[in-house]
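What follows is a short report on a single structure.
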Amino acid sequence: MDTGGWSRRRFVGALTGAAAAAALPACNDAPPPTRSAPSSASASPNTPEAAAGTPSEARSPGPHPLYLGTYTSAEGGGKGIGLATYDATTGRITDRGILAETGDPSFLALHPNGRTLYAVNEREDGGVTAVRLADRHVLGTRSSGGAGPCHLSVHPSGRWLLSANYNSGSVAVHPIAASGALGEHTDVVTHSSPPPGPDPERQDGPHTHQIVTTPDGVHVLAVDLGTDTVYTYRLDQAKGTLTEVSRARAKPGAGPRHLTFHPGGRYAYLANELDNTITVCAYDPATGRLTIGDPEPTGTGEVTSYPSQILVTTDGSYAYFANRGHNSLTRYAIEASGARVRLLDTVPVHGDWPRHTAFSPDGRLLFVSNQRSSSVTVFHVDRRSGELRLAGEPFASPVAVCALPL
């Protein structure tokens, strides 16, 4: 459903929210980006979904860069990609203004070399934008080949950008030049089958919500909320084209939204937005086939929760599951080498509508972007118990829908 040019997902998450904070003032004293090498195959550092690092990766107190996604067309929204810094010890965030002006940059991803940041432009005429971090220069915007792009990721090779168009239910591939700039899309695949799920409002057609590369780098997975399906593709790295190799069907009406792999690479965890469940999935690297397990509870009871995202620690011990209606994070212990999750507890996010979550590169901090309350909450992560401890008062950020700490 589209409401005045807004997709249903944006209408629920942004227009019905509380008043947003004022836009951040311009400032030019942010530090250059810093990068640390990924600590496991699953800890792809180029998205806000990167797995947490190991305790040995402790970093200097800071400041470290923090990039913020927003809706510029929402009431009280930002002016583009927000820029801040954070202290790696205390978790305190400081305003640094705007990285670059671009329309509705609701999701962000970093190139593996750390030099270029990519953003979706979540509009009906969808786009993807590249920004060079060294001088904040916008390298250009390309059409995403569809409507309402809401997610993107960089292939581990650094040569291809993958994006998911929610409104049109399609996925796209763009070549990445040596400069970090994007070329025109080399492929766009629309999910025309299977038929949409039973929810007449949210499943009126295909709605692709995420596209990621598997930890082995061989396959690409696209999670579609509208068709209750996770599609497996093989990317032709010479041509930039996608070939479907298998499909995994979730329970009808589940509304799969977001998938995160265990560091072992054989299991993944799927957040189902519409039926408020999590499912453990088995992944076969040889065939690319994903097998979706039985739905399990999120610990939020009867509250309509609209789960948004899962994070997994790099050591594979714990998972954190963001619940928007419940405004909480569910903590799970991961058992049986990734094959099983055990619900431990839920923790309030001290904000409204936790849209995205992300670990700092060393895994000691967890950032929560609260869309309706226009804030970012930071937690300290106890690496032994997995317990979360609030790092301080939430940071005001206009219509905060994504936070990417480096």
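In the structure tokens, the first chain shown is A, the next is B, and so on; residue numbers restart at 1 for each chain, and ligands run from 1 in the order shown.
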Which residues come within 6 Å of region 316-318 of chain A, counting only C-alpha atoms, excluding same-chain residues fewer than 2 positions away, as a PyMOL selection string? chain A and resi 262-263+312-314+332-334
Filtering to N, CA and C atoms, could you give me those residues as a JSON list (two decimals), in the first residue's frame?
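Writing done, so here's result17.json:
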```
[["chain", "number", "residue", "atom", "x", "y", "z"],
["A", 262, "HIS", "N", 25.03, -17.30, 11.34],
["A", 262, "HIS", "CA", 25.93, -17.70, 12.41],
["A", 262, "HIS", "C", 27.35, -17.70, 11.84],
["A", 263, "PRO", "N", 28.39, -17.38, 12.64],
["A", 263, "PRO", "CA", 29.75, -17.34, 12.10],
["A", 263, "PRO", "C", 30.23, -18.67, 11.52],
["A", 312, "VAL", "N", 24.14, -11.18, 15.53],
["A", 312, "VAL", "CA", 24.79, -12.35, 16.12],
["A", 312, "VAL", "C", 26.23, -11.99, 16.45],
["A", 313, "THR", "N", 26.67, -12.33, 17.66],
["A", 313, "THR", "CA", 28.06, -12.06, 18.03],
["A", 313, "THR", "C", 28.99, -12.95, 17.21],
["A", 314, "THR", "N", 30.19, -12.46, 16.95],
["A", 314, "THR", "CA", 31.13, -13.18, 16.11],
["A", 314, "THR", "C", 31.52, -14.53, 16.69],
["A", 332, "TYR", "N", 19.06, -14.03, 22.96],
["A", 332, "TYR", "CA", 19.04, -15.49, 22.85],
["A", 332, "TYR", "C", 20.43, -16.05, 23.09],
["A", 333, "ALA", "N", 20.50, -17.20, 23.72],
["A", 333, "ALA", "CA", 21.73, -17.99, 23.72],
["A", 333, "ALA", "C", 21.69, -18.89, 22.49],
["A", 334, "ILE", "N", 22.81, -18.97, 21.78],
["A", 334, "ILE", "CA", 22.89, -19.83, 20.60],
["A", 334, "ILE", "C", 23.57, -21.13, 21.00]]
```
Atom pair CA of Ser305 (chain A) + CA of Asn276 (chain A), distance 6.1 Å
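In terms of minimum interatomic distance to Gln371 (chain A), A:Ala400 ranks closest within A:Ala358, A:Val341, A:Ala400, A:Val280, counting only C-alpha atoms.
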Compare A:Gly217, A:Gly77, A:Gly158, A:Pro348 by their minimum atom-to-atom distance to Ala181 (chain A), counting only C-alpha atoms, and give me the closest one. A:Gly158
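Atom pair CA of Val401 (chain A) / CA of Leu343 (chain A): separated by 25.8 Å.
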Where in region 348-381 of chain A does DSSP assign strand (DSSP E), given as a PyMOL selection string? chain A and resi 348+354-359+365-370+375-381
Considering only C-alpha atoms, return as a ChimeraX atom specification whatever protein or nucleic-acid residues lie within 8 Å of Arg132 (chain A), sequence-local ones (same chain, fewer than 5 positions apart) excluded. /A:115-117,137-139,180
Save out the residues we just selected, N, CA, C and O atoms, as a short mmCIF file (atom, residue, chain, number, x, y, z; two decimals), in the first residue's frame.
```
data_model
loop_
_atom_site.label_atom_id
_atom_site.label_comp_id
_atom_site.auth_asym_id
_atom_site.auth_seq_id
_atom_site.Cartn_x
_atom_site.Cartn_y
_atom_site.Cartn_z
N ARG A 115 36.55 3.16 2.04
CA ARG A 115 36.68 4.49 1.44
C ARG A 115 35.37 5.09 0.96
O ARG A 115 35.28 6.31 0.81
N THR A 116 34.38 4.25 0.69
CA THR A 116 33.14 4.73 0.10
C THR A 116 31.94 4.22 0.89
O THR A 116 31.89 3.05 1.26
N LEU A 117 30.99 5.12 1.14
CA LEU A 117 29.75 4.77 1.80
C LEU A 117 28.63 4.77 0.77
O LEU A 117 28.56 5.65 -0.08
N HIS A 137 32.55 13.76 -0.73
CA HIS A 137 32.07 14.06 -2.07
C HIS A 137 31.07 13.00 -2.54
O HIS A 137 31.36 11.80 -2.46
N VAL A 138 29.91 13.45 -3.00
CA VAL A 138 28.91 12.52 -3.55
C VAL A 138 29.34 12.12 -4.96
O VAL A 138 29.46 12.96 -5.86
N LEU A 139 29.62 10.84 -5.14
CA LEU A 139 30.12 10.33 -6.41
C LEU A 139 29.02 10.11 -7.43
O LEU A 139 29.31 9.82 -8.59
N GLY A 180 35.05 3.86 -6.46
CA GLY A 180 33.92 3.68 -5.56
C GLY A 180 32.60 4.10 -6.18
O GLY A 180 31.53 3.81 -5.62
#
```
Each region 165-216 of chain A residue no farther than 9 Å from region 145-148 of chain A, nearest pair in Å, only C-alpha atoms, as CSV:
```
residue,atom,partner,partner_atom,distance
A:Asn165,CA,A:Gly148,CA,5.3
A:Tyr166,CA,A:Gly148,CA,5.3
A:Asn167,CA,A:Gly148,CA,5.0
A:Ser168,CA,A:Ala147,CA,5.2
A:Gly169,CA,A:Gly146,CA,7.9
A:Ser170,CA,A:Gly146,CA,6.6
A:Val171,CA,A:Gly146,CA,8.0
A:Ala172,CA,A:Gly145,CA,6.6
A:His185,CA,A:Gly145,CA,7.2
A:Asp187,CA,A:Gly145,CA,8.5
A:Val188,CA,A:Gly145,CA,6.3
A:Thr190,CA,A:Gly146,CA,8.8
```
Please save N, CA, C and O atoms of the selected residues as a PDB file, in the first residue's frame.
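And here's result-v4.pdb as it stands now:
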```
ATOM      1  N   ASN A 165      14.628  -3.637  -3.595  1.00  0.00           N
ATOM      2  CA  ASN A 165      13.543  -2.678  -3.784  1.00  0.00           C
ATOM      3  C   ASN A 165      12.272  -3.223  -3.136  1.00  0.00           C
ATOM      4  O   ASN A 165      11.679  -4.187  -3.631  1.00  0.00           O
ATOM      5  N   TYR A 166      11.871  -2.601  -2.036  1.00  0.00           N
ATOM      6  CA  TYR A 166      10.722  -3.110  -1.288  1.00  0.00           C
ATOM      7  C   TYR A 166       9.405  -2.960  -2.058  1.00  0.00           C
ATOM      8  O   TYR A 166       8.647  -3.919  -2.210  1.00  0.00           O
ATOM      9  N   ASN A 167       9.106  -1.768  -2.542  1.00  0.00           N
ATOM     10  CA  ASN A 167       7.803  -1.526  -3.157  1.00  0.00           C
ATOM     11  C   ASN A 167       7.584  -2.344  -4.419  1.00  0.00           C
ATOM     12  O   ASN A 167       6.468  -2.810  -4.677  1.00  0.00           O
ATOM     13  N   SER A 168       8.636  -2.529  -5.211  1.00  0.00           N
ATOM     14  CA  SER A 168       8.486  -3.265  -6.469  1.00  0.00           C
ATOM     15  C   SER A 168       8.871  -4.723  -6.348  1.00  0.00           C
ATOM     16  O   SER A 168       8.731  -5.487  -7.311  1.00  0.00           O
ATOM     17  N   GLY A 169       9.375  -5.157  -5.176  1.00  0.00           N
ATOM     18  CA  GLY A 169       9.696  -6.565  -4.987  1.00  0.00           C
ATOM     19  C   GLY A 169      10.788  -7.060  -5.903  1.00  0.00           C
ATOM     20  O   GLY A 169      10.689  -8.147  -6.477  1.00  0.00           O
ATOM     21  N   SER A 170      11.864  -6.294  -6.022  1.00  0.00           N
ATOM     22  CA  SER A 170      12.933  -6.666  -6.949  1.00  0.00           C
ATOM     23  C   SER A 170      14.292  -6.484  -6.295  1.00  0.00           C
ATOM     24  O   SER A 170      14.433  -5.826  -5.263  1.00  0.00           O
ATOM     25  N   VAL A 171      15.307  -7.075  -6.923  1.00  0.00           N
ATOM     26  CA  VAL A 171      16.694  -6.915  -6.491  1.00  0.00           C
ATOM     27  C   VAL A 171      17.518  -6.451  -7.676  1.00  0.00           C
ATOM     28  O   VAL A 171      17.207  -6.764  -8.830  1.00  0.00           O
ATOM     29  N   ALA A 172      18.571  -5.692  -7.388  1.00  0.00           N
ATOM     30  CA  ALA A 172      19.378  -5.109  -8.454  1.00  0.00           C
ATOM     31  C   ALA A 172      20.859  -5.275  -8.162  1.00  0.00           C
ATOM     32  O   ALA A 172      21.272  -5.413  -7.006  1.00  0.00           O
ATOM     33  N   HIS A 185      22.803  -0.198 -13.373  1.00  0.00           N
ATOM     34  CA  HIS A 185      22.568  -1.579 -12.941  1.00  0.00           C
ATOM     35  C   HIS A 185      22.750  -2.558 -14.100  1.00  0.00           C
ATOM     36  O   HIS A 185      22.381  -2.290 -15.246  1.00  0.00           O
ATOM     37  N   ASP A 187      21.722  -5.815 -13.701  1.00  0.00           N
ATOM     38  CA  ASP A 187      20.624  -6.771 -13.632  1.00  0.00           C
ATOM     39  C   ASP A 187      19.592  -6.274 -12.628  1.00  0.00           C
ATOM     40  O   ASP A 187      19.939  -5.642 -11.626  1.00  0.00           O
ATOM     41  N   VAL A 188      18.335  -6.544 -12.946  1.00  0.00           N
ATOM     42  CA  VAL A 188      17.223  -6.315 -12.030  1.00  0.00           C
ATOM     43  C   VAL A 188      16.312  -7.525 -12.134  1.00  0.00           C
ATOM     44  O   VAL A 188      15.870  -7.879 -13.230  1.00  0.00           O
ATOM     45  N   THR A 190      12.789  -9.224 -10.679  1.00  0.00           N
ATOM     46  CA  THR A 190      11.556  -9.002  -9.937  1.00  0.00           C
ATOM     47  C   THR A 190      10.957 -10.330  -9.510  1.00  0.00           C
ATOM     48  O   THR A 190      10.895 -11.268 -10.310  1.00  0.00           O
TER      49      THR A 190
END
```
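The closest residue to Ala134 (chain A), picked from A:Pro394, A:Leu99, A:Gly205, A:Ala248 and counting only C-alpha atoms, is A:Leu99.
Nearest to Thr214 (chain A) of all the residues A:Pro194, A:Gly76, A:Gly82, A:Pro156 is A:Pro156, counting only C-alpha atoms.
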One residue among A:Pro149, A:Pro398, A:Gly392, A:Gly97 is nearest to Arg136 (chain A) when using only C-alpha atoms, and that residue is A:Gly97
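Comparing A:Ala238, A:Ala74, A:Val399, A:Ala222 by their smallest distance to Thr186 (chain A), the closest is A:Ala238 (using only C-alpha atoms).
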Contacts of Asp104 (chain A) at 6 Å or less, counting only C-alpha atoms, minus same-chain residues fewer than 5 places along, as a tab-separated table (two decimals) with N, CA, C and O atoms, in the first residue's frame?
```tsv
chain	number	residue	atom	x	y	z
A	71	TYR	N	15.00	9.52	7.03
A	71	TYR	CA	14.07	9.89	5.96
A	71	TYR	C	14.05	11.41	5.86
A	71	TYR	O	13.59	12.09	6.79
A	72	THR	N	14.55	11.95	4.77
A	72	THR	CA	14.56	13.40	4.62
A	72	THR	C	13.18	13.96	4.30
A	72	THR	O	12.92	15.14	4.56
A	121	ASN	N	18.22	5.37	-1.65
A	121	ASN	CA	17.33	6.53	-1.66
A	121	ASN	C	15.92	5.96	-1.73
A	121	ASN	O	15.43	5.62	-2.81
A	122	GLU	N	15.30	5.81	-0.55
A	122	GLU	CA	14.04	5.06	-0.46
A	122	GLU	C	12.86	5.91	-0.91
A	122	GLU	O	12.09	6.46	-0.11
```
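Within the 7 Å cut-off around Ala84 (chain A), using only C-alpha atoms and omitting residues fewer than 4 positions from it on the same chain, the listed residues are Pro65, Leu66, Tyr67, Ile93, Thr94, Asp95, Arg96 and Gly97 of chain A.
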Could you dump the residues just selected with C-alpha atoms as a PDB file, in the first residue's frame?
```pdb
ATOM      1  CA  PRO A  65      32.837   7.779  13.052  1.00  0.00           C
ATOM      2  CA  LEU A  66      29.132   7.022  13.191  1.00  0.00           C
ATOM      3  CA  TYR A  67      26.994   7.424  10.060  1.00  0.00           C
ATOM      4  CA  ILE A  93      27.786  10.055  20.794  1.00  0.00           C
ATOM      5  CA  THR A  94      28.627  13.582  19.622  1.00  0.00           C
ATOM      6  CA  ASP A  95      26.959  15.493  16.762  1.00  0.00           C
ATOM      7  CA  ARG A  96      29.163  16.187  13.738  1.00  0.00           C
ATOM      8  CA  GLY A  97      26.576  17.439  11.273  1.00  0.00           C
TER       9      GLY A  97
END
```
